[in-house]
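*Asks:* Input data.txt, format and content: compact mmCIF, C-alpha atoms.
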```txt
# COMPACT_ATOMS: atom_id res chain seq x y z
CA MET A 17 0.00 0.00 0.00
CA GLY A 18 2.87 2.34 0.89
CA SER A 19 4.35 2.26 -2.59
CA SER A 20 1.09 3.01 -4.41
CA GLU A 21 0.36 5.82 -1.99
CA SER A 22 3.67 7.47 -2.73
CA ILE A 23 3.03 7.13 -6.48
CA PHE A 24 -0.34 8.81 -6.03
CA TYR A 25 1.38 11.53 -4.03
CA ILE A 26 3.97 12.06 -6.80
CA PHE A 27 1.17 12.44 -9.35
CA ILE A 28 -0.95 14.91 -7.37
CA SER A 29 2.08 16.87 -6.26
CA ALA A 30 3.30 17.37 -9.83
CA LEU A 31 -0.22 18.05 -11.13
CA LEU A 32 -1.49 20.57 -8.59
CA ILE A 33 0.81 21.48 -5.71
CA ASN A 34 4.09 21.99 -7.55
CA ASN A 35 2.52 22.79 -10.90
CA PHE A 36 5.33 23.21 -13.44
CA THR A 37 3.97 26.34 -15.05
CA LEU A 38 2.35 28.10 -12.14
CA SER A 39 4.81 27.46 -9.35
CA TYR A 40 8.11 26.61 -11.07
CA PHE A 41 7.62 29.01 -14.03
CA LEU A 42 8.78 26.40 -16.52
CA GLY A 43 7.55 26.44 -20.10
CA LEU A 44 6.33 30.01 -19.94
CA CYS A 45 7.06 30.86 -23.58
CA PRO A 46 4.37 28.51 -25.00
CA PHE A 47 2.20 29.28 -21.96
CA LEU A 48 2.03 32.95 -22.95
CA GLY A 49 2.45 32.50 -26.69
CA VAL A 50 0.07 29.70 -27.66
CA SER A 51 -2.74 30.21 -25.17
CA GLY A 52 -4.92 32.35 -27.42
CA LYS A 53 -7.33 29.59 -28.45
CA LEU A 54 -8.70 26.88 -26.18
CA ILE A 55 -8.42 23.96 -28.63
CA THR A 56 -4.86 24.84 -29.67
CA ALA A 57 -3.83 25.15 -26.03
CA PHE A 58 -5.33 21.75 -25.25
CA ARG A 59 -3.47 20.09 -28.12
CA LEU A 60 -0.22 21.75 -27.11
CA GLY A 61 -0.79 20.36 -23.61
CA LEU A 62 -1.27 16.84 -24.99
CA ALA A 63 1.92 17.17 -27.03
CA ASN A 64 3.66 18.27 -23.84
CA ILE A 65 2.51 15.16 -21.95
CA PHE A 66 3.73 13.02 -24.83
CA VAL A 67 7.21 14.59 -24.97
CA MET A 68 7.49 14.49 -21.17
CA LEU A 69 6.83 10.73 -21.12
CA ILE A 70 9.60 10.20 -23.69
CA THR A 71 11.87 12.52 -21.69
CA ALA A 72 11.30 10.62 -18.46
CA ALA A 73 12.21 7.35 -20.15
CA CYS A 74 15.34 8.86 -21.77
CA ALA A 75 16.45 10.47 -18.51
CA PHE A 76 16.03 7.16 -16.70
CA VAL A 77 18.16 5.32 -19.24
CA LEU A 78 20.87 7.99 -19.19
CA ASN A 79 20.91 8.22 -15.40
CA THR A 80 21.22 4.50 -14.97
CA TRP A 81 23.72 3.51 -17.62
CA VAL A 82 25.64 6.57 -18.83
CA LEU A 83 25.90 9.42 -16.35
CA PRO A 84 27.44 7.58 -13.38
CA TYR A 85 30.59 7.40 -15.51
CA ALA A 86 30.57 10.99 -16.79
CA PRO A 87 28.54 13.38 -14.59
CA TYR A 88 29.82 16.49 -16.39
CA LEU A 89 28.07 15.38 -19.59
CA ARG A 90 24.64 15.55 -17.93
CA LEU A 91 23.28 18.67 -19.64
CA ILE A 92 24.70 18.03 -23.09
CA SER A 93 23.60 14.40 -23.17
CA PHE A 94 20.10 15.20 -21.85
CA ILE A 95 19.51 17.78 -24.55
CA ILE A 96 20.90 15.78 -27.43
CA VAL A 97 19.30 12.47 -26.49
CA ILE A 98 15.89 14.02 -25.76
CA ALA A 99 15.87 16.09 -28.96
CA SER A 100 16.88 13.19 -31.19
CA THR A 101 14.51 10.70 -29.56
CA VAL A 102 11.60 13.09 -30.00
CA GLN A 103 12.59 13.59 -33.63
CA PHE A 104 12.74 9.83 -34.13
CA VAL A 105 9.35 9.19 -32.51
CA GLU A 106 7.92 12.04 -34.59
CA MET A 107 9.03 10.29 -37.77
CA ALA A 108 7.57 6.99 -36.54
CA ILE A 109 4.21 8.63 -35.77
CA LYS A 110 4.16 10.31 -39.17
CA LYS A 111 4.39 6.89 -40.79
CA LEU A 112 2.10 4.95 -38.44
CA SER A 113 -0.66 7.41 -37.63
CA PRO A 114 -0.96 10.54 -39.80
CA ASP A 115 -4.04 11.66 -37.82
CA LEU A 116 -2.14 11.81 -34.56
CA PHE A 117 0.71 13.56 -36.33
CA GLN A 118 -1.68 16.19 -37.68
CA ALA A 119 -2.96 16.86 -34.18
CA LEU A 120 0.37 17.03 -32.35
CA GLY A 121 3.04 17.31 -35.02
CA ILE A 122 3.37 21.06 -35.39
CA PHE A 123 3.97 21.50 -31.68
CA LEU A 124 6.73 18.94 -31.28
CA PRO A 125 9.66 21.06 -32.54
CA LEU A 126 8.38 23.96 -30.43
CA ILE A 127 8.55 22.12 -27.13
CA THR A 128 11.38 19.65 -27.65
CA THR A 129 14.00 21.66 -25.82
CA ASN A 130 11.66 23.80 -23.81
CA CYS A 131 12.55 24.52 -20.17
CA ALA A 132 9.68 22.38 -18.88
CA ILE A 133 11.09 19.33 -20.65
CA LEU A 134 14.67 19.77 -19.51
CA GLY A 135 13.41 20.79 -16.06
CA LEU A 136 11.49 17.51 -15.81
CA ALA A 137 14.64 15.53 -16.58
CA LEU A 138 16.69 17.50 -14.03
CA PHE A 139 14.12 17.36 -11.22
CA GLN A 140 13.61 13.65 -11.81
CA THR A 141 17.37 13.16 -11.46
CA ASN A 142 17.57 15.28 -8.31
CA LYS A 143 14.73 13.37 -6.67
CA GLY A 144 16.20 9.99 -7.61
CA TYR A 145 13.02 8.51 -9.11
CA GLY A 146 12.96 5.01 -10.60
CA PHE A 147 11.35 4.16 -13.94
CA TRP A 148 7.67 3.96 -12.93
CA GLU A 149 7.92 6.84 -10.49
CA GLY A 150 9.49 8.90 -13.29
CA MET A 151 6.68 8.01 -15.71
CA VAL A 152 4.01 8.98 -13.16
CA TYR A 153 5.89 12.19 -12.40
CA ALA A 154 5.99 13.01 -16.14
CA LEU A 155 2.27 12.28 -16.47
CA GLY A 156 1.47 14.55 -13.53
CA ALA A 157 3.75 17.35 -14.69
CA GLY A 158 2.39 17.18 -18.25
CA GLY A 159 -1.16 17.15 -16.93
CA GLY A 160 -0.35 20.18 -14.80
CA VAL A 161 1.03 22.09 -17.80
CA THR A 162 -2.08 21.16 -19.81
CA LEU A 163 -4.34 22.29 -16.97
CA ALA A 164 -2.59 25.66 -16.69
CA LEU A 165 -2.65 26.18 -20.48
CA VAL A 166 -6.35 25.34 -20.75
CA LEU A 167 -7.27 27.59 -17.81
CA LEU A 168 -5.39 30.57 -19.20
CA ALA A 169 -6.67 30.01 -22.74
CA GLY A 170 -10.25 29.81 -21.47
CA ILE A 171 -9.95 33.12 -19.64
CA ARG A 172 -8.18 34.76 -22.59
CA GLU A 173 -10.98 33.74 -24.95
CA GLU A 174 -13.40 35.52 -22.63
CA THR A 175 -11.28 38.68 -22.44
CA ARG A 176 -11.37 39.07 -26.22
CA ILE A 177 -15.01 40.18 -26.19
CA MET A 178 -14.48 42.55 -23.28
CA ASN A 179 -13.59 46.18 -23.29
CA ILE A 180 -10.02 46.29 -22.04
CA PRO A 181 -7.84 49.42 -21.79
CA LYS A 182 -5.31 49.54 -24.65
CA LEU A 183 -2.42 49.93 -22.25
CA ILE A 184 -2.79 46.61 -20.42
CA GLU A 185 -3.66 44.43 -23.44
CA GLY A 186 -1.26 41.61 -24.32
CA THR A 187 1.48 40.15 -22.16
CA ALA A 188 0.88 42.40 -19.15
CA LEU A 189 -2.74 41.25 -18.83
CA ASN A 190 -1.81 37.59 -19.42
CA LEU A 191 0.82 37.74 -16.68
CA ILE A 192 -1.61 39.23 -14.18
CA ILE A 193 -4.26 36.59 -15.05
CA ALA A 194 -1.57 33.91 -14.64
CA GLY A 195 -0.68 35.39 -11.26
CA ILE A 196 -4.28 35.12 -10.10
CA ILE A 197 -4.53 31.49 -11.32
CA SER A 198 -1.24 30.75 -9.57
CA MET A 199 -2.60 32.28 -6.37
CA ALA A 200 -5.63 29.99 -6.64
CA PHE A 201 -3.33 26.99 -7.07
CA MET A 202 -1.50 27.91 -3.85
CA GLY A 203 -4.63 26.68 -2.08
CA PHE A 204 -3.72 23.11 -3.09
CA ALA A 205 -0.62 23.28 -0.88
CA GLY A 206 -2.74 22.11 2.07
CA LEU A 207 -3.83 18.88 0.31
CA PHE A 208 -1.21 16.75 2.07
CA SER A 209 -0.38 17.43 5.67
CA SER A 210 3.27 16.35 5.53
CA MET B 8 40.81 57.73 -37.67
CA SER B 9 37.19 58.38 -38.58
CA GLU B 10 36.84 54.65 -39.28
CA GLU B 11 37.86 53.97 -35.71
CA VAL B 12 35.42 56.51 -34.28
CA LYS B 13 32.64 55.01 -36.39
CA GLU B 14 33.43 51.55 -35.12
CA GLN B 15 33.43 52.75 -31.53
CA SER B 16 30.04 54.41 -31.89
CA GLN B 17 28.68 51.24 -33.49
CA ASN B 18 29.96 49.23 -30.54
CA ALA B 19 28.31 51.64 -28.13
CA ASN B 20 25.06 51.39 -30.09
CA GLU B 21 25.00 47.60 -29.79
CA PHE B 22 25.53 47.94 -26.05
CA ILE B 23 22.79 50.50 -25.43
CA LYS B 24 20.36 48.64 -27.68
CA GLY B 25 20.39 45.63 -25.36
CA LEU B 26 20.20 47.67 -22.19
CA TRP B 27 17.18 49.75 -23.11
CA ASN B 28 15.61 49.85 -26.58
CA GLU B 29 15.52 46.08 -27.07
CA ASN B 30 15.62 45.02 -23.43
CA PRO B 31 15.28 41.22 -23.52
CA VAL B 32 12.76 40.97 -20.69
CA PHE B 33 10.69 44.16 -20.84
CA ILE B 34 10.52 44.69 -24.61
CA ALA B 35 11.21 41.34 -26.27
CA VAL B 36 9.72 39.20 -23.42
CA LEU B 37 12.43 36.52 -23.70
CA GLY B 38 13.96 34.39 -20.97
CA MET B 39 10.88 34.47 -18.80
CA CYS B 40 11.51 31.30 -16.80
CA PRO B 41 14.57 32.54 -14.88
CA ALA B 42 13.17 36.08 -14.82
CA LEU B 43 10.32 34.87 -12.64
CA ALA B 44 11.57 31.73 -10.93
CA VAL B 45 14.63 32.96 -9.06
CA THR B 46 13.84 36.65 -8.55
CA ASN B 47 12.37 36.32 -5.06
CA THR B 48 15.33 38.21 -3.59
CA ALA B 49 17.65 40.83 -5.07
CA MET B 50 20.73 38.69 -4.32
CA ASN B 51 19.38 35.68 -6.26
CA SER B 52 18.45 37.94 -9.17
CA LEU B 53 21.96 39.38 -9.32
CA ALA B 54 23.56 35.92 -9.19
CA MET B 55 21.26 34.63 -11.93
CA GLY B 56 21.91 37.72 -14.08
CA LEU B 57 25.68 37.34 -13.77
CA ALA B 58 25.60 33.60 -14.48
CA THR B 59 23.51 34.21 -17.60
CA ALA B 60 25.85 37.05 -18.61
CA PHE B 61 28.87 34.74 -18.40
CA VAL B 62 27.19 32.12 -20.58
CA LEU B 63 25.89 34.66 -23.10
CA ILE B 64 29.19 36.51 -23.51
CA GLY B 65 31.24 33.31 -23.68
CA SER B 66 29.04 31.59 -26.22
CA SER B 67 28.61 34.75 -28.35
CA PHE B 68 32.39 35.06 -28.50
CA LEU B 69 32.88 31.42 -29.48
CA VAL B 70 30.00 31.31 -31.97
CA SER B 71 31.19 34.49 -33.64
CA LEU B 72 34.74 33.12 -33.79
CA CYS B 73 33.57 29.86 -35.39
CA ARG B 74 30.88 31.39 -37.61
CA ASN B 75 32.69 30.48 -40.84
CA ILE B 76 33.54 26.94 -39.76
CA ILE B 77 30.10 25.74 -38.59
CA PRO B 78 28.07 24.25 -41.46
CA LYS B 79 24.64 25.81 -41.90
CA GLN B 80 22.68 22.57 -41.52
CA VAL B 81 23.92 21.74 -38.01
CA ARG B 82 24.27 25.28 -36.69
CA ILE B 83 21.51 25.14 -34.04
CA THR B 84 22.88 21.88 -32.63
CA SER B 85 26.38 23.34 -32.52
CA TYR B 86 25.13 26.49 -30.73
CA ILE B 87 23.35 24.35 -28.15
CA ILE B 88 26.47 22.29 -27.50
CA ILE B 89 28.56 25.47 -27.09
CA ILE B 90 25.96 26.98 -24.72
CA ALA B 91 25.64 23.75 -22.73
CA THR B 92 29.41 23.64 -22.27
CA PHE B 93 29.45 27.14 -20.78
CA VAL B 94 26.46 26.37 -18.58
CA THR B 95 28.20 23.26 -17.24
CA MET B 96 31.21 25.46 -16.45
CA VAL B 97 29.07 27.99 -14.54
CA ASP B 98 27.33 25.18 -12.71
CA PHE B 99 30.60 23.71 -11.45
CA LEU B 100 32.13 27.15 -10.72
CA LEU B 101 29.17 28.21 -8.57
CA ALA B 102 29.05 24.85 -6.81
CA GLY B 103 32.75 25.16 -6.03
CA PHE B 104 33.08 28.81 -4.96
CA THR B 105 29.62 29.88 -3.73
CA PRO B 106 27.80 26.72 -2.63
CA PHE B 107 25.02 28.68 -0.84
CA ILE B 108 24.03 30.49 -4.04
CA HIS B 109 24.23 27.23 -5.96
CA LYS B 110 21.82 25.70 -3.44
CA GLU B 111 19.39 28.64 -3.70
CA LEU B 112 19.27 28.63 -7.50
CA GLY B 113 19.26 24.83 -7.78
CA ALA B 114 18.24 23.36 -11.12
CA PHE B 115 17.67 26.82 -12.58
CA ILE B 116 21.41 27.22 -13.27
CA ALA B 117 21.27 24.17 -15.51
CA LEU B 118 18.13 25.59 -17.12
CA ILE B 119 20.09 28.62 -18.42
CA VAL B 120 20.87 26.33 -21.35
CA VAL B 121 17.26 26.55 -22.61
CA ASN B 122 16.94 30.30 -22.06
CA CYS B 123 15.59 31.47 -25.42
CA LEU B 124 17.46 34.77 -25.06
CA ILE B 125 20.88 33.08 -25.42
CA LEU B 126 20.07 30.86 -28.41
CA GLY B 127 18.19 33.78 -29.96
CA ARG B 128 21.24 36.08 -29.80
CA GLN B 129 23.49 33.39 -31.34
CA GLU B 130 21.11 32.82 -34.24
CA ALA B 131 20.16 36.45 -34.80
CA PHE B 132 23.43 38.24 -34.14
CA ALA B 133 26.62 36.39 -33.18
CA SER B 134 26.53 34.03 -36.16
CA LYS B 135 26.46 36.97 -38.60
CA ASN B 136 28.80 39.53 -37.06
CA LYS B 137 32.46 39.85 -36.22
CA VAL B 138 33.77 39.06 -32.76
CA SER B 139 33.98 42.58 -31.31
CA LEU B 140 30.40 43.45 -32.30
CA ALA B 141 29.08 40.10 -31.07
CA VAL B 142 30.71 40.55 -27.68
CA MET B 143 29.37 44.12 -27.39
CA ASP B 144 25.89 42.87 -28.25
CA ALA B 145 26.19 40.09 -25.67
CA LEU B 146 27.43 42.58 -23.05
CA GLY B 147 24.47 44.89 -23.72
CA MET B 148 21.93 42.10 -23.70
CA SER B 149 23.28 40.63 -20.47
CA ALA B 150 23.36 44.08 -18.85
CA GLY B 151 19.73 44.53 -19.90
CA PHE B 152 18.79 41.09 -18.62
CA THR B 153 20.55 41.60 -15.28
CA PHE B 154 18.94 45.04 -14.95
CA ALA B 155 15.48 43.59 -15.58
CA LEU B 156 16.03 40.73 -13.12
CA LEU B 157 17.28 43.19 -10.50
CA CYS B 158 14.19 45.40 -10.99
CA ILE B 159 11.88 42.42 -10.41
CA GLY B 160 14.02 41.07 -7.55
CA ILE B 161 14.21 44.41 -5.71
CA ILE B 162 10.46 45.00 -5.97
CA ARG B 163 9.66 41.48 -4.77
CA GLU B 164 12.14 41.54 -1.89
CA ILE B 165 11.08 44.98 -0.62
CA LEU B 166 7.37 44.18 -0.73
CA GLY B 167 7.54 40.53 0.27
CA ASN B 168 10.24 40.62 2.92
CA GLY B 169 10.71 44.26 3.84
CA SER B 170 14.42 44.09 3.10
CA LEU B 171 16.97 44.74 0.36
CA PHE B 172 20.01 42.47 -0.13
CA ASP B 173 19.08 40.92 3.26
CA PHE B 174 19.31 44.35 4.91
CA PRO B 175 16.01 45.15 6.73
CA LEU B 176 14.48 48.44 5.59
CA PHE B 177 11.36 49.14 7.58
CA GLY B 178 11.98 47.80 11.08
CA ASP B 179 9.72 45.48 13.05
CA GLY B 180 6.45 47.30 12.40
CA TYR B 181 6.35 46.25 8.73
CA GLU B 182 3.96 43.43 7.90
CA PRO B 183 5.58 41.64 4.90
CA TRP B 184 3.43 41.09 1.83
CA ILE B 185 4.29 37.37 1.71
CA VAL B 186 2.60 36.63 -1.61
CA MET B 187 5.20 38.72 -3.44
CA ILE B 188 8.03 36.27 -2.67
CA LEU B 189 5.80 33.30 -3.54
CA PRO B 190 5.22 32.28 -7.19
CA PRO B 191 2.16 34.52 -7.87
CA GLY B 192 4.25 37.55 -6.88
CA GLY B 193 6.57 36.90 -9.81
CA PHE B 194 3.68 37.06 -12.27
CA PHE B 195 2.28 40.21 -10.64
CA ALA B 196 5.62 42.03 -10.44
CA LEU B 197 6.49 41.39 -14.09
CA GLY B 198 2.92 42.12 -15.20
CA PHE B 199 2.93 45.53 -13.54
CA LEU B 200 6.46 46.33 -14.75
CA LEU B 201 5.38 45.56 -18.34
CA LEU B 202 2.36 47.79 -17.80
CA PHE B 203 4.67 50.59 -16.67
CA PHE B 204 6.92 50.11 -19.71
CA ASN B 205 3.90 50.18 -22.06
CA TRP B 206 2.77 53.41 -20.45
CA TYR B 207 6.26 54.91 -20.65
CA THR B 208 6.78 54.10 -24.37
CA GLN B 209 3.33 55.46 -25.17
CA TRP B 210 3.97 58.61 -23.18
CA ARG B 211 7.28 59.19 -24.99
CA LYS B 212 5.71 58.59 -28.38
CA LYS B 213 2.94 61.01 -27.55
CA ARG B 214 5.39 63.67 -26.39
CA SER B 215 7.63 63.41 -29.48
CA GLY B 216 4.46 63.34 -31.62
CA GLU B 217 3.31 66.62 -30.09
CA LYS B 218 6.69 68.20 -30.77
CA ILE B 219 6.53 67.28 -34.44
CA PHE B 220 2.99 68.60 -34.56
CA ASP B 221 4.11 71.94 -33.05
CA LYS B 222 6.86 72.28 -35.65
CA ASN B 223 4.39 71.67 -38.45
CA VAL B 224 2.13 74.38 -37.10
CA ASN B 225 5.05 76.80 -36.99
CA ILE B 226 5.98 76.04 -40.57
CA ASP B 227 2.40 76.62 -41.71
CA GLN B 228 2.27 79.98 -40.04
```
Go ahead and render the structure in this file as structure tokens.
*Replies:*
Amino acid sequence: MGSSESIFYIFISALLINNFTLSYFLGLCPFLGVSGKLITAFRLGLANIFVMLITAACAFVLNTWVLPYAPYLRLISFIIVIASTVQFVEMAIKKLSPDLFQALGIFLPLITTNCAILGLALFQTNKGYGFWEGMVYALGAGGGVTLALVLLAGIREETRIMNIPKLIEGTALNLIIAGIISMAFMGFAGLFSS
Amino acid sequence: MSEEVKEQSQNANEFIKGLWNENPVFIAVLGMCPALAVTNTAMNSLAMGLATAFVLIGSSFLVSLCRNIIPKQVRITSYIIIIATFVTMVDFLLAGFTPFIHKELGAFIALIVVNCLILGRQEAFASKNKVSLAVMDALGMSAGFTFALLCIGIIREILGNGSLFDFPLFGDGYEPWIVMILPPGGFFALGFLLLFFNWYTQWRKKRSGEKIFDKNVNIDQ
């Protein structure tokens, strides 16, 4: 029971309490850039989950078999292995399932070496997660990014039909909305007592 | 002689451009992750700014030096490897000489490698210009980035902790505005700073517009 509980904790913690976008500020460029339309934001979120799962697997392999021998190659090898694996999987998807590629494909180059992806690999290393823990962590973190993107995109769609002062339009308004969402997410910090 | 003067003024232009007119954070909105994540105190902001400056200047120098050797097809990969090398250096340097700062900044030092500002400058500037110009551009951009981080860090530390560089400002009576040093404070501080910059650029445009208008009136009379 103890093990499954800790896996559940890892998932909820990455999804809500330590949300990647809203409390670690990772992956802000797509968060502010691509959150104009709800459906696009949702698909970007799905692509994010997908790349994060690949990243977690790559990071596990590197941490177990390569990096103990050459710790100074950590950054370089993470970036190169993650980028090339994503490229490879992208080609495989293009062949096997063109529909899925249509839905996610355009986002893959955008997020491959995004800070959220590299951050996931680094945090996973620092916390010393095993394979399944890493996969659950990636799922939670990706879900958290998707949640944040969808929330912001939903609010932004509403603001388009409102009468907003010219001065605050654009990034300034998005940042303040994000701040308010982030403040709401702080409430989740009390979910676990320890 | 005049050639030299011209070159000097061009160098100065590249420097000032990064500091103000094309400030990476306030105008171009690049490098947001570190700009918000580690700016909860002024000290952390300064450390992050300097670490980024080291990486940016070093990699701009190297990329500009190798710009004729690197084949066009693999240029982005090569830039990333150069940047990652410098980031690894900073990571080990900070861990060796200032372990407390290294502990505060944590994984965000390693994340300098994906700061879009650095890769952006290599692709847009260093790969096309000679070494002296590229270094000047990198110096200006890093000064602008450090300045922006310090602005956010100072605001957040004063409001959220009532201190500046760990030096208490207001005495015991001050009730700290805790939310400013927590994550939402980062969004609010940058949001309001951008608002201020929008207002300032608009105000300047308006003022120079009025001046031109006045001149036109004079000419008509």
*Asks:* List the spatial neighbours of A:Ser51 as a ChimeraX atom specification - criterion: any atom at most 8 Å away, all atoms listed in the file, same-chain residues fewer than 4 positions off excluded.
*Replies:* /A:46-47,56-57,165-166,168-169,172
*Asks:* What's around B:Ile34 at 10 Å? Count all atoms listed in the file, leave out sequence neighbours fewer than 5 positions away in its own chain, and write the answer as a list of chain:residue names.
*Replies:*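 Counting only the stated atoms, we get B:Gly25, B:Trp27, B:Asn28, B:Glu29, B:Leu201, B:Phe204, B:Asn205.
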*Asks:* Nearest to chain A among B:Glu14, B:Asp144, B:Glu111, B:Asp98, with distances taken over all atoms listed in the file: which residue is it?
*Replies:*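 Of B:Glu14, B:Asp144, B:Glu111, B:Asp98, the one nearest chain A is B:Asp98, counting all atoms listed in the file.
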*Asks:* Residues of chain B were defined as contacting chain A if any atom lay at most 10 Å from it, counting all atoms listed in the file; please report them as a tab-separated table (two decimals) with C-alpha atoms, in the coordinates of the input.
*Replies:*
```
chain	number	residue	atom	x	y	z
B	36	VAL	CA	9.72	39.20	-23.42
B	37	LEU	CA	12.43	36.52	-23.70
B	38	GLY	CA	13.96	34.39	-20.97
B	39	MET	CA	10.88	34.47	-18.80
B	40	CYS	CA	11.51	31.30	-16.80
B	41	PRO	CA	14.57	32.54	-14.88
B	42	ALA	CA	13.17	36.08	-14.82
B	43	LEU	CA	10.32	34.87	-12.64
B	44	ALA	CA	11.57	31.73	-10.93
B	45	VAL	CA	14.63	32.96	-9.06
B	84	THR	CA	22.88	21.88	-32.63
B	87	ILE	CA	23.35	24.35	-28.15
B	88	ILE	CA	26.47	22.29	-27.50
B	89	ILE	CA	28.56	25.47	-27.09
B	90	ILE	CA	25.96	26.98	-24.72
B	91	ALA	CA	25.64	23.75	-22.73
B	92	THR	CA	29.41	23.64	-22.27
B	94	VAL	CA	26.46	26.37	-18.58
B	95	THR	CA	28.20	23.26	-17.24
B	96	MET	CA	31.21	25.46	-16.45
B	98	ASP	CA	27.33	25.18	-12.71
B	99	PHE	CA	30.60	23.71	-11.45
B	113	GLY	CA	19.26	24.83	-7.78
B	114	ALA	CA	18.24	23.36	-11.12
B	115	PHE	CA	17.67	26.82	-12.58
B	117	ALA	CA	21.27	24.17	-15.51
B	118	LEU	CA	18.13	25.59	-17.12
B	119	ILE	CA	20.09	28.62	-18.42
B	120	VAL	CA	20.87	26.33	-21.35
B	121	VAL	CA	17.26	26.55	-22.61
B	122	ASN	CA	16.94	30.30	-22.06
B	123	CYS	CA	15.59	31.47	-25.42
B	186	VAL	CA	2.60	36.63	-1.61
B	189	LEU	CA	5.80	33.30	-3.54
B	190	PRO	CA	5.22	32.28	-7.19
B	191	PRO	CA	2.16	34.52	-7.87
B	192	GLY	CA	4.25	37.55	-6.88
B	193	GLY	CA	6.57	36.90	-9.81
B	194	PHE	CA	3.68	37.06	-12.27
B	195	PHE	CA	2.28	40.21	-10.64
B	196	ALA	CA	5.62	42.03	-10.44
B	197	LEU	CA	6.49	41.39	-14.09
B	198	GLY	CA	2.92	42.12	-15.20
B	199	PHE	CA	2.93	45.53	-13.54
B	200	LEU	CA	6.46	46.33	-14.75
B	201	LEU	CA	5.38	45.56	-18.34
B	202	LEU	CA	2.36	47.79	-17.80
B	203	PHE	CA	4.67	50.59	-16.67
B	204	PHE	CA	6.92	50.11	-19.71
B	205	ASN	CA	3.90	50.18	-22.06
B	206	TRP	CA	2.77	53.41	-20.45
B	209	GLN	CA	3.33	55.46	-25.17
```
*Asks:* What separation in Å, quoted to one decimal, exists between atom CA of A:Ala157 and atom CA of A:Leu31?
*Replies:*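 Between atom CA of A:Ala157 and atom CA of A:Leu31 the gap is 5.4 Å.
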*Asks:* Env of B:Val142: 9 Å cut, atoms = all atoms listed in the file, seq-sep filter 5 positions within chain, self excluded. Answer as a count of residues only.
*Replies:* 9
*Asks:* Could you check the closest approach to B:Leu112 for each of B:Leu176, B:Lys24, B:Thr46, B:Val138 and tell me which residue wins, using only C-alpha atoms?
*Replies:*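 Looking only at the distances to B:Leu112, the closest residue turns out to be B:Thr46.
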*Asks:* Atom CA of B:Met187 and atom CA of B:Gly160 are how many Å apart?
*Replies:* 10.0 Å
*Asks:* Between B:Leu157, B:Asn75, B:Asn30, B:Phe104, single out the one closest to B:Leu171, counting all atoms listed in the file.
*Replies:*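 Using all atoms listed in the file, B:Leu171 sits closest to B:Leu157.
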*Asks:* How many Å separate atom CA of B:Trp210 from atom CA of B:Val32?
*Replies:* 19.9 Å
*Asks:* Return the single residue from A:Leu112, A:Met68, A:Ala86, A:Cys74 that is closest to A:Thr128, with distances computed using only C-alpha atoms.
*Replies:*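 Looking only at the distances to A:Thr128, the closest residue turns out to be A:Met68.
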